[in-house]
Amino acid sequence: MEKLLNDFSVGLFFWQTLLFVVLLFLLRKYAWKPILNAVNEREDSIKDALNSAEEAKRAMAELKSSNETLLNEARAERDAMLKEARTVKEKMIADAKSKASEDAEKIITAAKESIQHEKMAALTELKNQVAVLSIEIAEKILKDELSSADKQKAIIDNVVKDINLN
Amino acid sequence: MKILLLLLFVSPLTILANADTEHVSEEHGVKSEELSEEDQKSKKRKEYINHHLLDAHSFTIWHAKGWEFPLPIILWDEGLHVFSSSKFHHGEAVAESKGNYYKLHHEKIYKTDAEGTLVMDEHHHPTNAKPLDFSITKNVFTIMLMSLFIFFLFTRFAKTYTNNLVPQKGGKFLEPLVIFIRDEIAKPNIGEKHYKKYMSYLLTVFFFIWFLNLAGMTPLGIGVTNNIAVTFGLALITFIITQFTSNKNYWGHIFWMPGVPSPMKIILAPIELLGVFIKPFALMIRLYANMTAGHIVLMSLIGLLYVFTNWFAKGAFLGLTLFLSIIELLVAFLQAYIFTMLTALYFGGAVAEHDEH
């Protein structure tokens with residue numbers, strides 16, 4: 001302890017304290033304040049940036065979920081439209097089919113009718129032709145038969161014979 | 001408890017230091033010729049270590065080569081006396097200033113007559129009058145240089161923030177330290193609410209002690225922090241700031257401890273009051289003792305390098321010296337940290353608001 005007191009230098013203490021206090025005030029003004037302010041500012045800006053990033057993330061999630069619902073709605077709508085289109089298509093096909101078969105029926109019926117008609121006309125024509133030919137043949141045969149007096153007499157005999165029978 | 005530990009720690013050191021000086025002063029009486037060569041060497045080494053630890057009135061760069069420069073001597077002795085330390089010729093000559101005569105003896109300035117006679121007492125201490133010595137000694141000079149260095153270092157560091165908020169170059173190293181002091185020392189010990197007003201002091205004291213400790217590690221022998229006057233100055237500022245920024249809870253805890261019976265309050269008051277002074281005293285002694293001890297151990301080991309002639313022993317001591325130097329580098333930081341940390345703790349006690357008792 002005696003050595004400590006003996007070593008104690010008032011001058012050194014005086015200068016040390018004076019220099020330290022001066023250094024303290026100078027550093028406070030020119031170093032610590034700007035440094036700590038800058039550090040705080042940076043930390044605040046980092047905090048803000050992190051917060052805004054979080055905010056953006058949340059907004060993104062929100063957007064995503066709304067997108068999802070929108071997409072789902074669109075999908076449902078599309079499905080409904082497709083379904084409707086399919087039914088319409090099926091109905092159209094069915095309608096067309098029934099109409100076609102109806103038409104075909106009609107055409108067939110008309111064709112059948114006209115065929116019948118043509119057939120009848122052809123038959124009548126044929127009958128007429130046969131009748132004309134028959135008359136011509138009968139005429140030729142009669143001309144032949146009645147060309148001689150014998151033959152005329154034979155015929156009259158035949159007819160008279162028949163009358164007799166009656 | 002803390003004080004007890006402290007005393008345990010300091011006592012061997014002071015004994016050692018005292019033993020050294022006694023030894024040296026004893027031998028002063030003996031004529032040099034009567035000592036053997038080995039004893040003379042040993043005596044010189046001891047003197048060198050002591051000399052190295054002490055403050056000096058001139059700045060020695062390399063003792064053996066005599067590389068040194070004088071520093072101004074400023075005395076207050078019924079008027080201001082300013083002259084160069086070269087006038088003393090290392091204590092061999094008598095310096096004259098404004099009709100007064102002064103002599104340097106063991107780095108202390110005594111007022112003498114024109115012949116420079118020193119009247120010694122039985123302990124070989126001069127009984128002459130001592131003028132108030134405000135000289136720019138080696139330590140004061142070192143503090144000035146270091147303060148300038150710290151000031152320019154940190155103002156330059158602060159300037160790098162003007163353009164962007166990211167630390168540049170050296171700031172990358174200094175900024176984590178600043179943030180460490182704020183987040184690991186100031187905030188937990190003082191509290192989020194009050195820590196801001198103490199930041200300047202904590203930062204200054206930390207870098208001041210650390211840089212001066214490191215300066216003491218250089219072979220220039222400028223161990224400023226192993227001077228009791230320096231640590232006393234620092235501890236005194238801590239003490240003053242603690243007392244002047246304290247709130248009523250702090251004084252309440254000292255004089256009228258809440259939550260204990262009244263008779264206990266009366267017993268506790270003087271103990272607590274004593275604690276107010278012991279805390280900064282412990283700060284002062286801790287830094288001084290740690291730095292002094294480190295220097296003595298290191299220099300003793302270096303001294304042993306010269307004592308042993310065996311090359312194997314020399315190698316071993318060299319290795320040990322290197323190892324301890326690294327430890328001392330760590331201690332330089334650690335002591336700055338502990339001083340700052342305890343200072344913050346005392347500040348925290350002064351502004352604590354909640355009644356935890």
# chains A, B, ... in the order shown; residues from 1 in each chain; ligands from 1

$ interface_residues --of "chain B" --to "chain A" --cutoff "7 Å" --atoms "only C-alpha atoms" --output "number ranges by chain"
B: 18, 133-135, 140, 147, 151, 154-155, 158, 161, 165, 200-201, 204, 228-230, 233

$ residues_around --residues "Glu353 of chain B" --least-positions-apart "2" --cutoff "9 Å" --atoms "only C-alpha atoms" --output "list of chain:residue names"
B:Asn247, B:Lys248, B:Asn249, B:Tyr250, B:Gly349, B:Ala350, B:Val351, B:Asp355

$ atom_distance --atom1 "atom CA of Arg182 of chain B" --atom2 "atom CA of Thr245 of chain B"
18.7 Å

$ residues_around --residues "segment 307-324 of chain B" --least-positions-apart "3" --cutoff "9 Å" --atoms "only C-alpha atoms" --output "MDAnalysis selection string"
chainID B and resid 42 294 297:299 301:304 327:329

$ residues_around --residues "Pro126 of chain B" --least-positions-apart "6" --cutoff "9 Å" --atoms "only C-alpha atoms" --output "NGL selection string"
:B and (105 or 110 or 118-120)

$ select_by_dssp --residues "segment 60-265 of chain B" --states "strand (DSSP E)" --output "number ranges by chain"
B: 60-62, 67-70, 72-76, 80-84, 95-97, 100-105, 108-112, 132-133

$ residues_around --residues "segment 76-81 of chain B" --least-positions-apart "6" --cutoff "12 Å" --atoms "only C-alpha atoms" --output "list of chain:residue names"
A:Val10, A:Gly11, B:Ala95, B:Glu96, B:Ser97, B:Lys98, B:Gly99, B:Asn100, B:Tyr101, B:Tyr102, B:Ile109, B:Tyr110, B:Lys111, B:Ala129, B:Lys130, B:Pro131, B:Leu132, B:Asp133, B:Phe134, B:Ser135

$ residues_around --residues "segment 57-61 of chain B" --least-positions-apart "3" --cutoff "10 Å" --atoms "only C-alpha atoms" --output "CSV table (one decimal) with N, CA, C and O atoms, in the first residue's frame"
chain,number,residue,atom,x,y,z
B,52,HIS,N,11.1,-0.1,-15.9
B,52,HIS,CA,10.2,-0.3,-17.0
B,52,HIS,C,8.8,-0.1,-16.6
B,52,HIS,O,8.0,0.5,-17.4
B,64,ALA,N,19.5,0.5,-24.3
B,64,ALA,CA,20.9,0.1,-24.5
B,64,ALA,C,21.6,1.0,-25.5
B,64,ALA,O,22.8,1.3,-25.3
B,65,LYS,N,20.9,1.5,-26.5
B,65,LYS,CA,21.5,2.4,-27.5
B,65,LYS,C,21.4,3.8,-27.1
B,65,LYS,O,21.9,4.7,-27.8
B,66,GLY,N,20.7,4.1,-26.0
B,66,GLY,CA,20.5,5.5,-25.6
B,66,GLY,C,19.6,6.3,-26.5
B,66,GLY,O,19.8,7.5,-26.6
B,67,TRP,N,18.7,5.6,-27.2
B,67,TRP,CA,17.8,6.3,-28.1
B,67,TRP,C,16.7,6.9,-27.3
B,67,TRP,O,15.8,6.1,-26.8
B,68,GLU,N,16.6,8.1,-27.1
B,68,GLU,CA,15.6,8.7,-26.3
B,68,GLU,C,15.4,10.2,-26.6
B,68,GLU,O,16.3,10.8,-27.3
B,69,PHE,N,14.3,10.7,-26.3
B,69,PHE,CA,14.1,12.2,-26.5
B,69,PHE,C,13.5,12.8,-25.2
B,69,PHE,O,12.8,12.1,-24.5
B,70,PRO,N,13.9,14.1,-24.9
B,70,PRO,CA,13.4,14.7,-23.7
B,70,PRO,C,12.0,15.1,-23.8
B,70,PRO,O,11.4,15.3,-24.9
B,71,LEU,N,11.3,15.2,-22.6
B,71,LEU,CA,9.9,15.7,-22.6
B,71,LEU,C,9.8,16.9,-21.7
B,71,LEU,O,10.7,17.1,-20.9
B,72,PRO,N,8.8,17.7,-21.9
B,72,PRO,CA,8.8,19.0,-21.1
B,72,PRO,C,8.5,18.7,-19.6
B,72,PRO,O,7.7,17.8,-19.3
B,73,ILE,N,9.2,19.4,-18.7
B,73,ILE,CA,8.9,19.4,-17.3
B,73,ILE,C,8.1,20.6,-16.9
B,73,ILE,O,8.4,21.7,-17.3
B,84,SER,N,13.0,21.7,-20.2
B,84,SER,CA,13.1,20.4,-20.9
B,84,SER,C,13.8,19.4,-19.9
B,84,SER,O,14.6,19.7,-19.0
B,85,SER,N,13.4,18.1,-20.0
B,85,SER,CA,13.9,17.1,-19.1
B,85,SER,C,15.3,16.8,-19.3
B,85,SER,O,16.0,16.2,-18.5
B,86,SER,N,15.9,17.2,-20.5
B,86,SER,CA,17.3,17.0,-20.8
B,86,SER,C,18.2,17.7,-19.8
B,86,SER,O,19.3,17.4,-19.6
B,88,PHE,N,18.1,17.5,-16.7
B,88,PHE,CA,18.4,16.7,-15.5
B,88,PHE,C,19.5,15.7,-15.8
B,88,PHE,O,20.2,15.2,-14.9
B,89,HIS,N,19.8,15.4,-17.1
B,89,HIS,CA,20.8,14.4,-17.5
B,89,HIS,C,20.6,13.1,-16.7
B,89,HIS,O,21.5,12.6,-16.1
B,90,HIS,N,19.4,12.6,-16.7
B,90,HIS,CA,19.0,11.4,-16.0
B,90,HIS,C,19.3,11.4,-14.5
B,90,HIS,O,19.8,10.5,-14.0
B,104,LEU,N,16.4,15.2,-10.1
B,104,LEU,CA,15.6,14.0,-10.4
B,104,LEU,C,16.2,12.8,-9.7
B,104,LEU,O,17.4,12.5,-9.8
B,107,GLU,N,13.0,9.0,-10.7
B,107,GLU,CA,11.9,9.6,-11.4
B,107,GLU,C,11.0,10.5,-10.6
B,107,GLU,O,9.8,10.6,-10.9
B,108,LYS,N,11.5,11.0,-9.5
B,108,LYS,CA,10.8,12.0,-8.7
B,108,LYS,C,11.6,13.3,-8.7
B,108,LYS,O,12.8,13.2,-8.6
B,109,ILE,N,10.9,14.4,-8.7
B,109,ILE,CA,11.6,15.7,-8.7
B,109,ILE,C,11.6,16.3,-7.3
B,109,ILE,O,10.6,16.3,-6.7
B,135,SER,N,4.5,17.5,-15.1
B,135,SER,CA,5.3,17.3,-16.3
B,135,SER,C,4.6,16.4,-17.3
B,135,SER,O,3.8,15.5,-16.9
B,136,ILE,N,4.9,16.6,-18.6
B,136,ILE,CA,4.4,15.7,-19.6
B,136,ILE,C,5.4,14.5,-19.6
B,136,ILE,O,6.4,14.5,-20.3
B,137,THR,N,5.1,13.6,-18.7
B,137,THR,CA,6.0,12.4,-18.6
B,137,THR,C,5.7,11.4,-19.8
B,137,THR,O,4.9,11.7,-20.6
B,138,LYS,N,6.5,10.4,-19.7
B,138,LYS,CA,6.3,9.3,-20.8
B,138,LYS,C,4.9,8.8,-20.9
B,138,LYS,O,4.3,8.7,-22.0
B,139,ASN,N,4.3,8.6,-19.7
B,139,ASN,CA,2.9,8.1,-19.7
B,139,ASN,C,1.9,9.2,-20.2
B,139,ASN,O,1.0,8.8,-21.0
B,140,VAL,N,2.1,10.4,-19.8
B,140,VAL,CA,1.2,11.5,-20.3
B,140,VAL,C,1.3,11.6,-21.8
B,140,VAL,O,0.3,11.7,-22.5
B,141,PHE,N,2.6,11.6,-22.2
B,141,PHE,CA,2.9,11.6,-23.7
B,141,PHE,C,2.2,10.5,-24.4
B,141,PHE,O,1.5,10.7,-25.5
B,142,THR,N,2.3,9.3,-23.9
B,142,THR,CA,1.6,8.1,-24.5
B,142,THR,C,0.1,8.3,-24.5
B,142,THR,O,-0.6,8.0,-25.5
B,219,PRO,N,7.5,-3.1,-26.8
B,219,PRO,CA,8.7,-3.1,-26.0
B,219,PRO,C,9.1,-1.6,-25.6
B,219,PRO,O,10.2,-1.5,-25.1
B,220,LEU,N,8.3,-0.6,-25.9
B,220,LEU,CA,8.7,0.7,-25.6
B,220,LEU,C,8.6,1.0,-24.1
B,220,LEU,O,9.1,2.0,-23.6
B,221,GLY,N,7.9,0.1,-23.4
B,221,GLY,CA,7.8,0.3,-21.9
B,221,GLY,C,6.9,1.5,-21.6
B,221,GLY,O,7.1,2.3,-20.8
B,222,ILE,N,5.7,1.5,-22.3
B,222,ILE,CA,4.7,2.6,-22.1
B,222,ILE,C,3.5,2.0,-21.5
B,222,ILE,O,2.4,2.2,-21.9

$ atom_distance --atom1 "atom CA of Leu283 of chain B" --atom2 "atom CA of Leu345 of chain B"
11.7 Å

$ residues_around --residues "Phe281 of chain B" --least-positions-apart "6" --cutoff "9 Å" --atoms "only C-alpha atoms" --output "list in words"
Phe232, Ala235 and Leu236 of chain B

$ write_last_selection --atoms "C-alpha atoms" --output "compact mmCIF listing (two decimals), in the first residue's frame"
# COMPACT_ATOMS: atom_id res chain seq x y z
CA PHE B 232 -7.61 5.91 -10.18
CA ALA B 235 -12.38 4.74 -11.55
CA LEU B 236 -13.02 8.23 -10.18

$ decode --residues "segment 53-67 of chain A" --atoms "C-alpha atoms" --output "JSON list (two decimals), in the first residue's frame"
[["chain", "number", "residue", "atom", "x", "y", "z"],
["A", 53, "ALA", "CA", -41.03, -8.08, -46.77],
["A", 54, "GLU", "CA", -43.32, -9.88, -44.33],
["A", 55, "GLU", "CA", -46.16, -7.63, -45.43],
["A", 56, "ALA", "CA", -45.42, -8.33, -49.07],
["A", 57, "LYS", "CA", -45.29, -12.02, -48.33],
["A", 58, "ARG", "CA", -48.69, -11.86, -46.67],
["A", 59, "ALA", "CA", -50.12, -9.83, -49.55],
["A", 60, "MET", "CA", -48.68, -12.39, -51.94],
["A", 61, "ALA", "CA", -50.32, -15.20, -50.01],
["A", 62, "GLU", "CA", -53.58, -13.32, -50.03],
["A", 63, "LEU", "CA", -53.27, -12.70, -53.73],
["A", 64, "LYS", "CA", -52.44, -16.30, -54.28],
["A", 65, "SER", "CA", -55.47, -17.52, -52.38],
["A", 66, "SER", "CA", -57.73, -15.07, -54.22],
["A", 67, "ASN", "CA", -56.14, -16.21, -57.46]]
